[in-house]
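Listing of query.csv, CSV, C-alpha atoms and all ligand atoms
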chain,number,residue,atom,x,y,z
L,297,MET,CA,108.7,111.6,56.0
L,298,ASN,CA,111.6,109.2,55.4
L,299,THR,CA,112.7,106.9,58.2
L,300,GLU,CA,115.9,108.7,59.0
L,301,ILE,CA,114.1,112.0,59.7
L,302,LEU,CA,111.5,110.0,61.7
L,303,THR,CA,114.2,108.4,63.9
L,304,THR,CA,115.9,111.7,64.5
L,305,THR,CA,112.6,113.3,65.5
L,306,VAL,CA,111.8,110.4,67.9
L,307,LYS,CA,115.3,110.6,69.4
L,308,LYS,CA,114.9,114.3,69.8
L,309,ALA,CA,111.6,114.0,71.5
L,310,ARG,CA,113.0,111.5,73.9
L,311,SER,CA,116.1,113.5,74.8
L,312,SER,CA,114.0,116.6,75.4
L,313,LEU,CA,112.9,115.4,78.8
L,314,ASN,CA,113.7,118.0,81.3
L,315,ILE,CA,116.2,116.1,83.5
L,316,LEU,CA,118.9,117.7,85.6
L,317,PRO,CA,122.2,115.9,85.4
L,318,VAL,CA,123.2,114.2,88.6
L,319,GLU,CA,126.4,116.3,88.9
L,320,GLU,CA,124.1,119.3,89.3
L,321,TRP,CA,122.1,118.0,92.2
L,322,SER,CA,122.9,119.6,95.6
L,323,VAL,CA,123.5,116.2,97.2
L,324,PHE,CA,126.2,115.4,94.6
L,325,LYS,CA,129.7,116.0,95.9
L,326,LYS,CA,131.9,113.7,93.8
L,327,ARG,CA,131.6,110.7,91.6
L,328,PRO,CA,130.2,108.2,92.5
L,329,LEU,CA,127.1,109.4,94.3
L,330,ILE,CA,126.6,106.9,97.1
L,331,ILE,CA,123.2,105.8,98.4
L,332,ALA,CA,123.6,103.4,101.3
L,333,GLY,CA,121.5,102.0,104.1
L,334,PRO,CA,119.7,98.8,105.0
L,335,CYS,CA,117.4,96.8,102.7
L,336,SER,CA,114.7,97.4,105.3
L,337,ALA,CA,114.2,99.7,108.3
L,338,GLU,CA,113.7,97.2,111.1
L,339,SER,CA,113.9,99.1,114.3
L,340,GLU,CA,114.7,102.7,115.3
L,341,GLU,CA,117.9,101.5,116.8
L,342,GLN,CA,119.0,99.6,113.7
L,343,VAL,CA,118.2,102.6,111.5
L,344,MET,CA,120.0,105.1,113.8
L,345,THR,CA,123.2,103.0,114.4
L,346,THR,CA,123.5,102.2,110.7
L,347,ALA,CA,123.1,105.8,109.8
L,348,ALA,CA,125.5,106.9,112.5
L,349,ALA,CA,128.2,104.6,111.1
L,350,LEU,CA,127.6,105.8,107.5
L,351,VAL,CA,127.5,109.5,108.4
L,352,ALA,CA,130.8,109.1,110.3
L,353,SER,CA,132.5,107.8,107.1
L,354,GLY,CA,131.6,111.0,105.3
L,355,ARG,CA,131.2,109.0,102.1
L,356,VAL,CA,127.5,108.5,101.9
L,357,ASP,CA,125.3,111.1,100.1
L,358,ILE,CA,121.8,109.6,100.7
L,359,PHE,CA,120.6,107.2,103.3
L,360,ARG,CA,118.2,104.5,102.1
L,361,ALA,CA,115.8,102.1,104.0
L,362,GLY,CA,112.8,100.3,102.7
L,363,ILE,CA,109.7,100.5,104.8
L,364,TRP,CA,107.2,98.9,102.5
L,365,LYS,CA,108.9,95.7,101.2
L,366,PRO,CA,107.7,94.0,98.0
L,367,ARG,CA,108.4,90.3,98.9
L,368,THR,CA,108.2,87.6,96.3
L,369,ARG,CA,106.4,85.2,98.6
L,370,PRO,CA,103.9,86.0,101.4
L,371,GLY,CA,104.8,85.3,105.0
L,372,GLN,CA,108.1,87.1,104.9
L,373,PHE,CA,109.0,90.4,106.6
L,374,GLU,CA,107.0,93.0,104.6
L,375,GLY,CA,108.4,96.1,106.1
L,376,ILE,CA,107.7,98.2,109.2
L,377,GLY,CA,105.4,100.5,107.3
L,378,SER,CA,104.7,104.2,108.0
L,379,PRO,CA,106.2,104.3,111.6
L,380,GLY,CA,109.6,103.8,109.9
L,381,LEU,CA,109.2,107.3,108.3
L,382,LYS,CA,109.7,108.9,111.7
L,383,TRP,CA,113.0,107.1,112.1
L,384,LEU,CA,114.1,108.3,108.7
L,385,LYS,CA,113.1,111.8,109.7
L,386,ARG,CA,115.4,111.5,112.7
L,387,VAL,CA,118.3,110.5,110.5
L,388,ARG,CA,117.7,113.6,108.4
L,389,GLU,CA,117.4,115.9,111.4
L,390,GLU,CA,120.2,114.5,113.6
L,391,TYR,CA,122.7,113.7,110.9
L,392,GLY,CA,121.7,116.0,108.1
L,393,LEU,CA,121.7,113.1,105.7
L,394,PRO,CA,119.1,113.1,102.9
L,395,VAL,CA,116.8,110.1,103.2
L,396,ALA,CA,115.2,107.8,100.6
L,397,VAL,CA,112.4,105.2,100.7
L,398,GLU,CA,110.8,102.9,98.1
L,399,VAL,CA,107.3,103.8,96.9
L,400,ALA,CA,105.0,101.5,95.1
L,401,THR,CA,101.6,103.2,95.5
L,402,GLU,CA,100.2,106.7,95.7
L,403,LYS,CA,99.6,106.2,99.5
L,404,HIS,CA,103.3,105.5,99.9
L,405,VAL,CA,104.1,108.7,98.0
L,406,TYR,CA,101.7,110.8,100.1
L,407,GLU,CA,103.1,109.4,103.3
L,408,ALA,CA,106.7,109.9,102.2
L,409,LEU,CA,106.0,113.5,101.1
L,410,LYS,CA,104.2,114.3,104.4
L,411,HIS,CA,107.3,113.2,106.3
L,412,GLY,CA,109.6,115.4,104.2
L,413,ILE,CA,111.5,112.5,102.6
L,414,ASP,CA,114.1,113.8,100.2
L,415,ALA,CA,114.2,111.0,97.7
L,416,VAL,CA,112.1,108.0,96.6
L,417,TRP,CA,112.9,105.0,94.5
L,418,ILE,CA,110.6,102.9,92.4
L,419,GLY,CA,111.4,99.2,92.7
L,420,ALA,CA,111.8,96.7,89.9
L,421,ARG,CA,108.5,95.0,90.6
L,422,THR,CA,106.8,98.4,90.2
L,423,SER,CA,108.5,99.8,87.2
L,424,VAL,CA,107.0,97.0,85.1
L,425,ASN,CA,103.5,98.3,85.7
L,426,PRO,CA,102.4,101.4,83.8
L,427,PHE,CA,99.3,101.8,85.9
L,428,ALA,CA,101.3,101.9,89.1
L,429,LEU,CA,103.8,104.2,87.5
L,430,GLN,CA,101.1,106.6,86.4
L,431,GLU,CA,99.5,106.6,89.9
L,432,ILE,CA,102.9,107.3,91.5
L,433,ALA,CA,103.7,110.0,88.9
L,434,SER,CA,100.4,111.8,89.6
L,435,ALA,CA,101.0,111.6,93.4
L,436,LEU,CA,104.5,113.1,92.9
L,437,LYS,CA,103.3,115.9,90.6
L,438,ASP,CA,105.8,118.8,90.9
L,439,ALA,CA,107.1,117.5,94.3
L,440,ASP,CA,110.6,118.7,95.3
L,441,VAL,CA,112.1,115.2,95.6
L,442,MET,CA,114.7,113.1,93.9
L,443,VAL,CA,113.3,110.1,92.1
L,444,PHE,CA,115.3,106.9,91.3
L,445,ILE,CA,113.7,104.5,88.9
L,446,LYS,CA,115.0,100.9,89.0
L,447,ASN,CA,115.0,98.8,85.8
L,448,PRO,CA,111.9,96.6,85.5
L,449,VAL,CA,112.4,93.0,86.5
L,450,ASN,CA,112.2,91.9,82.8
L,451,PRO,CA,114.7,93.1,80.3
L,452,ASP,CA,112.4,95.6,78.5
L,453,LEU,CA,114.1,98.8,77.7
L,454,GLU,CA,110.9,100.5,76.4
L,455,LEU,CA,109.2,99.8,79.8
L,456,TRP,CA,112.1,101.4,81.7
L,457,ILE,CA,112.0,104.4,79.3
L,458,GLY,CA,108.2,104.7,79.7
L,459,ALA,CA,108.5,104.7,83.5
L,460,ILE,CA,111.1,107.5,83.3
L,461,GLU,CA,108.9,109.5,80.9
L,462,ARG,CA,105.9,109.2,83.2
L,463,ILE,CA,107.9,110.6,86.2
L,464,SER,CA,109.5,113.3,84.1
L,465,ARG,CA,106.1,114.4,82.8
L,466,ALA,CA,105.0,114.9,86.4
L,467,GLY,CA,107.5,117.7,86.6
L,468,ILE,CA,110.3,115.8,88.4
L,469,THR,CA,113.7,117.0,87.2
L,470,ARG,CA,116.0,115.3,89.7
L,471,LEU,CA,115.4,112.0,88.1
L,472,ALA,CA,117.9,109.1,87.6
L,473,ALA,CA,117.8,105.4,86.6
L,474,VAL,CA,119.1,102.5,88.8
L,475,HIS,CA,120.4,99.4,87.1
L,476,ARG,CA,119.8,96.4,89.4
L,477,GLY,CA,119.7,93.6,86.8
L,478,PHE,CA,117.0,91.4,85.3
L,479,SER,CA,115.5,88.3,86.7
L,480,THR,CA,115.9,85.1,84.7
L,481,TRP,CA,114.8,81.6,84.8
L,482,GLU,CA,118.2,80.4,83.5
L,483,LYS,CA,121.0,79.6,85.8
L,484,CYS,CA,123.2,82.7,86.4
L,485,SER,CA,125.8,83.3,89.1
L,486,PHE,CA,124.2,86.6,90.0
L,487,ARG,CA,120.7,87.0,91.5
L,488,ASN,CA,119.8,89.1,88.6
L,489,GLN,CA,121.4,89.1,85.2
L,490,PRO,CA,123.2,92.5,84.6
L,491,ARG,CA,122.7,92.8,80.8
L,492,TRP,CA,124.8,95.9,80.9
L,493,GLN,CA,124.0,96.8,77.3
L,494,ILE,CA,120.4,97.6,78.3
L,495,ALA,CA,121.6,100.4,80.6
L,496,VAL,CA,124.1,101.6,78.1
L,497,GLU,CA,121.3,101.8,75.5
L,498,LEU,CA,119.1,103.7,77.9
L,499,ARG,CA,121.7,106.4,78.3
L,500,GLN,CA,121.9,106.7,74.5
L,501,ARG,CA,118.2,107.0,74.2
L,502,ILE,CA,117.8,109.5,77.1
L,503,PRO,CA,121.1,111.6,76.9
L,504,GLY,CA,121.8,113.2,80.2
L,505,ILE,CA,119.9,110.7,82.4
L,506,GLY,CA,121.9,109.8,85.5
L,507,MET,CA,122.7,106.1,85.9
L,508,LEU,CA,123.3,104.3,89.2
L,509,CYS,CA,124.1,100.7,89.8
L,510,ASP,CA,122.6,98.6,92.6
L,511,PRO,CA,125.2,95.8,92.9
L,512,SER,CA,123.4,94.4,96.0
L,513,HIS,CA,120.3,93.3,94.2
L,514,MET,CA,122.2,92.5,91.0
L,515,GLY,CA,124.7,90.2,92.7
L,516,GLY,CA,122.5,89.0,95.5
L,517,ASP,CA,125.7,88.2,97.5
L,518,ARG,CA,128.1,90.5,99.2
L,519,GLU,CA,131.0,88.8,97.5
L,520,PHE,CA,130.1,90.2,94.1
L,521,ILE,CA,129.6,93.8,95.2
L,522,GLY,CA,133.1,95.0,94.7
L,523,ASP,CA,133.5,93.7,91.2
L,524,LEU,CA,130.0,94.8,90.1
L,525,SER,CA,130.7,98.3,91.5
L,526,GLN,CA,134.0,98.5,89.6
L,527,LYS,CA,132.3,97.5,86.4
L,528,ALA,CA,129.7,100.2,86.9
L,529,MET,CA,132.5,102.8,87.4
L,530,ASP,CA,134.2,101.5,84.3
L,531,LEU,CA,131.0,102.1,82.4
L,532,ASN,CA,131.0,105.6,83.7
L,533,TYR,CA,127.9,105.3,86.0
L,534,ASP,CA,127.2,108.3,88.2
L,535,GLY,CA,126.6,106.4,91.4
L,536,LEU,CA,125.9,103.3,93.4
L,537,MET,CA,123.1,102.1,95.7
L,538,ILE,CA,124.5,99.6,98.1
L,539,GLU,CA,122.6,97.9,100.9
L,540,THR,CA,124.4,98.4,104.2
L,541,HIS,CA,123.2,97.0,107.6
L,542,ILE,CA,124.8,97.3,111.0
L,543,ASP,CA,124.4,93.6,111.5
L,544,PRO,CA,123.8,91.7,108.2
L,545,PRO,CA,123.6,88.2,109.6
L,546,ASN,CA,120.6,89.2,111.6
L,547,ALA,CA,118.9,91.3,108.9
L,548,LEU,CA,115.2,90.6,108.3
L,549,SER,CA,115.6,90.8,104.5
L,550,ASP,CA,118.3,90.3,101.9
L,551,ARG,CA,120.8,89.0,104.6
L,552,LYS,CA,123.3,87.6,102.1
L,553,GLN,CA,123.8,90.7,100.1
L,554,GLN,CA,124.1,93.4,102.8
L,555,LEU,CA,127.5,94.9,103.8
L,556,THR,CA,128.5,96.3,107.1
L,557,PRO,CA,129.4,100.0,107.1
L,558,VAL,CA,133.1,99.0,107.3
L,559,GLU,CA,132.8,96.6,104.4
L,560,LEU,CA,131.1,99.3,102.4
L,561,MET,CA,134.0,101.6,103.0
L,562,ASN,CA,136.4,98.9,101.9
L,563,VAL,CA,134.5,98.5,98.7
L,564,LEU,CA,134.5,102.3,98.1
L,565,ASP,CA,138.2,102.6,98.9
L,566,SER,CA,139.1,99.8,96.4
L,567,LEU,CA,137.2,101.4,93.5
L,568,ILE,CA,139.5,102.6,90.7
L,569,LEU,CA,137.9,105.7,89.1
L,570,ARG,CA,139.0,106.3,85.5
L,571,SER,CA,138.1,109.3,83.4
L,572,PRO,CA,135.7,108.8,80.5
L,573,THR,CA,138.2,110.4,78.1
L,574,SER,CA,141.6,112.2,77.9
L,575,ASP,CA,143.2,114.9,75.8
L,576,ASP,CA,146.6,113.2,75.9
L,577,PRO,CA,147.6,112.8,72.2
L,578,GLU,CA,149.4,109.5,72.8
L,579,TYR,CA,146.3,108.1,74.4
L,580,LEU,CA,144.1,109.4,71.6
L,581,GLU,CA,146.3,107.9,68.9
L,582,THR,CA,146.5,104.5,70.6
L,583,ILE,CA,142.8,104.3,71.3
L,584,GLU,CA,142.0,105.2,67.7
L,585,ASP,CA,144.3,102.5,66.5
L,586,LEU,CA,142.8,99.9,68.8
L,587,ARG,CA,139.3,100.9,67.9
L,588,SER,CA,140.0,100.5,64.2
L,589,GLN,CA,141.2,96.9,65.0
L,590,ILE,CA,137.9,96.3,66.8
L,591,ASP,CA,136.1,97.6,63.6
L,592,VAL,CA,138.1,95.1,61.5
L,593,TYR,CA,137.0,92.2,63.7
L,594,ASP,CA,133.4,93.4,63.8
L,595,ASN,CA,133.3,93.5,60.1
L,596,LEU,CA,134.8,90.1,59.9
L,597,LEU,CA,132.2,88.8,62.2
L,598,LEU,CA,129.4,90.2,60.0
L,599,ASP,CA,131.0,88.6,56.9
L,600,ILE,CA,131.3,85.3,58.7
L,601,LEU,CA,127.6,85.5,59.8
L,602,GLU,CA,126.6,86.3,56.2
L,603,SER,CA,128.4,83.2,54.9
L,604,ARG,CA,127.0,81.0,57.7
L,605,MET,CA,123.4,82.1,56.8
L,606,GLN,CA,124.0,81.4,53.2
L,607,VAL,CA,125.0,77.8,54.1
L,608,ALA,CA,121.9,77.6,56.4
L,609,GLU,CA,119.7,78.6,53.4
L,610,THR,CA,121.3,76.0,51.2
L,611,ILE,CA,120.6,73.4,53.9
L,612,GLY,CA,117.0,74.7,54.1
L,613,ARG,CA,116.6,74.1,50.3
L,614,PHE,CA,118.1,70.7,50.6
L,615,LYS,CA,115.8,69.8,53.5
L,616,LYS,CA,112.8,71.1,51.6
L,617,GLU,CA,113.6,68.9,48.7
L,618,HIS,CA,113.8,65.9,51.0
L,619,SER,CA,110.9,66.9,53.2
L,620,ILE,CA,113.0,67.1,56.4
L,621,THR,CA,112.1,69.3,59.4
L,622,ILE,CA,114.1,72.4,60.1
L,623,LEU,CA,114.8,71.8,63.7
L,624,GLN,CA,117.1,68.9,64.4
L,625,SER,CA,117.4,68.9,68.2
L,626,SER,CA,120.2,66.3,68.6
L,627,ARG,CA,122.4,68.0,66.0
L,628,TRP,CA,121.8,71.3,67.6
L,629,LYS,CA,122.7,70.1,71.1
L,630,GLU,CA,126.0,68.6,69.7
L,631,VAL,CA,126.9,71.9,68.0
L,632,LYS,CA,126.2,73.9,71.1
L,633,ASP,CA,128.1,71.5,73.5
L,634,ASN,CA,131.2,71.5,71.2
L,635,ALA,CA,131.2,75.2,70.9
L,636,VAL,CA,130.9,75.8,74.6
L,637,ASP,CA,133.8,73.4,75.3
L,638,LYS,CA,136.0,75.0,72.6
L,639,GLY,CA,135.0,78.6,73.6
L,640,VAL,CA,135.8,78.0,77.3
L,641,ARG,CA,139.3,76.8,76.2
L,642,LYS,CA,139.6,80.2,74.4
L,643,GLY,CA,138.7,82.1,77.6
L,644,LEU,CA,135.1,82.9,76.7
L,645,THR,CA,132.4,82.4,79.3
L,646,PRO,CA,129.8,79.6,78.7
L,647,GLU,CA,126.9,82.1,79.1
L,648,PHE,CA,128.3,84.2,76.2
L,649,ILE,CA,128.8,81.2,73.9
L,650,HIS,CA,125.4,79.9,74.8
L,651,ASN,CA,123.7,83.3,74.1
L,652,ILE,CA,125.5,83.9,70.9
L,653,LEU,CA,124.8,80.4,69.5
L,654,GLU,CA,121.2,80.7,70.5
L,655,ALA,CA,120.9,83.9,68.5
L,656,ILE,CA,122.7,82.5,65.5
L,657,HIS,CA,120.5,79.4,65.6
L,658,GLN,CA,117.4,81.5,65.7
L,659,GLU,CA,118.6,83.5,62.8
L,660,SER,CA,119.4,80.3,60.8
L,661,ILE,CA,115.9,79.0,61.5
L,662,THR,CA,114.4,82.3,60.2
L,663,HIS,CA,116.5,82.0,57.0
L,664,GLN,CA,115.5,78.4,56.5
L,665,MET,CA,111.9,79.2,57.1
L,666,LYS,CA,112.1,81.8,54.4
L,667,VAL,CA,113.6,79.3,52.0
L,668,MET,CA,110.9,76.7,52.9
L,669,LYS,CA,108.2,79.2,52.1
L,670,GLU,CA,109.7,80.0,48.6
L,671,ALA,CA,107.5,78.8,45.8
L,701,LIG,C1,115.3,97.4,97.3
L,701,LIG,O1,116.0,98.3,96.9
L,701,LIG,O2,115.2,97.2,98.5
L,701,LIG,C2,114.5,96.6,96.4
L,701,LIG,C3,113.4,95.9,96.8
L,701,LIG,O3,115.0,96.5,95.2
L,701,LIG,P1,114.5,95.9,93.8
L,701,LIG,O4,113.3,96.7,93.4
L,701,LIG,O5,115.7,96.3,92.9
L,701,LIG,O6,114.3,94.5,94.0
L,702,MN,MN,116.8,94.5,99.4

Could I get this file's structure written as structure tokens?
Amino acid sequence: MNTEILTTTVKKARSSLNILPVEEWSVFKKRPLIIAGPCSAESEEQVMTTAAALVASGRVDIFRAGIWKPRTRPGQFEGIGSPGLKWLKRVREEYGLPVAVEVATEKHVYEALKHGIDAVWIGARTSVNPFALQEIASALKDADVMVFIKNPVNPDLELWIGAIERISRAGITRLAAVHRGFSTWEKCSFRNQPRWQIAVELRQRIPGIGMLCDPSHMGGDREFIGDLSQKAMDLNYDGLMIETHIDPPNALSDRKQQLTPVELMNVLDSLILRSPTSDDPEYLETIEDLRSQIDVYDNLLLDILESRMQVAETIGRFKKEHSITILQSSRWKEVKDNAVDKGVRKGLTPEFIHNILEAIHQESITHQMKVMKEA
């Protein structure tokens, strides 16, 4: 079998998951689907007053509240546990709003199902773990619930896809992904690095999978929520999961990133929704022209990279002749600092220049290593 056929077969197998598009779910009224509610359920009053404010807005489709909280360090508020399920049941019965909780173990799933919870989400610290995922999938077998799968904490697309496959194989069809960003050691203005291309790639690999954005955990601060939500809309995401608390300054978890119900409405009111495409001939002609300009620049970039690698190889040969090491840290630091300065003056972000140069440097080392190994 040639590789082309193999790739197509693999892609086909992946897209053959039986997933119902988010637009066809009964909770979906219009784009974007909105899931809102506190990071954690803290008291019956806090849950009910937050839900009342959200339901009054008429803009929220699913109410969320974590009752088992995966905290990074011990000694913090770890959630109210199963008693919180009764409060969520009240939200559902009194306000008719579907409710969602996070599940991380089979016990959580059984408890949630026993209380008639409508939706569950699998958190980023759980979706990294195939054992946990399989346990959750088995407990969810053929259950009539919506399942949202957050991206794993590390930027591993295969792991995210694997988590989705496990839940799908358990017979869950109302299944969607939630992009909440990836943790990083490097300094980043957001709590979690978005790496939007990973979510875009996921939608290519599993056509039809719903994609929501969680700007609360991505940004980690309420000030970023509007911009991140807009970005998600511009990338044609289906919905948003936004932490909303009746009194954020006194929240027991994720205080900085929670919005009040009024602030949530302001964010939603400010969103500009654009259509993914248009039939307007003038639009189509212009976009085609602009895209061909992009193609020209992409090709130029490739030509430039090719030339750069050829020079790197020449340097590699020269170093080999003179028995010099490949990595020259001081020279590399100088190249990077100069490029960052210059790039910033051209309106590029330092992170972007840093990432692109790191990638180019890695590739240069690979080319030089190849040369060094030549007989
Ligand atoms: C949450 O949604 O409350 C949560 C813990 O999210 P994440 O898994 O994205 O950190
Ligand atoms: Mn949270």

Exercise. So which residues touch L:Ile652 within 12 Å, counting all atoms listed in the file, skipping near sequence neighbours fewer than 6 positions away, as a PyMOL selection string?
Worked result: chain L and resi 601+632+635-636+639+644-646+658-659

Chain L near ligand LIG 701 (chain L) within 6 Å: what's each residue's closest atom pair and its distance in Å to one decimal, counting all atoms listed in the file, ordered by chain then ascending residue number, as CSV?
residue,atom,partner,partner_atom,distance
L:Cys335,CA,L:LIG701,O2,4.8
L:Gly362,CA,L:LIG701,O2,5.7
L:Gly419,CA,L:LIG701,O4,3.2
L:Ala420,CA,L:LIG701,O4,3.8
L:Arg421,CA,L:LIG701,O4,5.8
L:Arg476,CA,L:LIG701,O5,5.4
L:His513,CA,L:LIG701,O5,5.6

For this session: Please identify every polymer residue within 9 Å of ligand MN 702 (chain L), using all atoms listed in the file, and present the set as a list in words.
Result: Pro334, Cys335, Ser336, Ala361, Gly362, Lys365, Ser512, His513, Gly516, Glu539, Ser549, Asp550, Arg551, Gln553 and Gln554 of chain L

Considering all atoms listed in the file, return as a tab-separated table (two decimals) with C-alpha atoms, in the coordinates of the input whatever protein or nucleic-acid residues lie within 10 Å of stretch 399-416 of chain L, sequence-local ones (same chain, fewer than 5 positions apart) excluded.
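around-v5.tsv written:
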chain	number	residue	atom	x	y	z
L	358	ILE	CA	121.80	109.60	100.70
L	359	PHE	CA	120.60	107.20	103.30
L	360	ARG	CA	118.20	104.50	102.10
L	362	GLY	CA	112.80	100.30	102.70
L	363	ILE	CA	109.70	100.50	104.80
L	364	TRP	CA	107.20	98.90	102.50
L	365	LYS	CA	108.90	95.70	101.20
L	366	PRO	CA	107.70	94.00	98.00
L	377	GLY	CA	105.40	100.50	107.30
L	378	SER	CA	104.70	104.20	108.00
L	381	LEU	CA	109.20	107.30	108.30
L	382	LYS	CA	109.70	108.90	111.70
L	384	LEU	CA	114.10	108.30	108.70
L	385	LYS	CA	113.10	111.80	109.70
L	388	ARG	CA	117.70	113.60	108.40
L	393	LEU	CA	121.70	113.10	105.70
L	394	PRO	CA	119.10	113.10	102.90
L	421	ARG	CA	108.50	95.00	90.60
L	422	THR	CA	106.80	98.40	90.20
L	423	SER	CA	108.50	99.80	87.20
L	427	PHE	CA	99.30	101.80	85.90
L	428	ALA	CA	101.30	101.90	89.10
L	429	LEU	CA	103.80	104.20	87.50
L	430	GLN	CA	101.10	106.60	86.40
L	431	GLU	CA	99.50	106.60	89.90
L	432	ILE	CA	102.90	107.30	91.50
L	433	ALA	CA	103.70	110.00	88.90
L	434	SER	CA	100.40	111.80	89.60
L	435	ALA	CA	101.00	111.60	93.40
L	436	LEU	CA	104.50	113.10	92.90
L	439	ALA	CA	107.10	117.50	94.30
L	440	ASP	CA	110.60	118.70	95.30
L	441	VAL	CA	112.10	115.20	95.60
L	442	MET	CA	114.70	113.10	93.90
L	443	VAL	CA	113.30	110.10	92.10
L	444	PHE	CA	115.30	106.90	91.30
L	445	ILE	CA	113.70	104.50	88.90
L	470	ARG	CA	116.00	115.30	89.70
L	471	LEU	CA	115.40	112.00	88.10

Exercise. Nearest to L:Val424: which of L:Gly535, L:Ser464, L:Phe478, L:Arg369 is it, counting all atoms listed in the file?
Worked result: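 Distance minimum relative to L:Val424 lands on L:Phe478.
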
Exercise. For L:Leu536, which residue out of L:Ile521, L:Leu508, L:Leu453, L:Leu597 is the nearest one, using all atoms listed in the file?
Worked result: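 Answer, going by the shortest atom-to-atom distance: L:Leu508.
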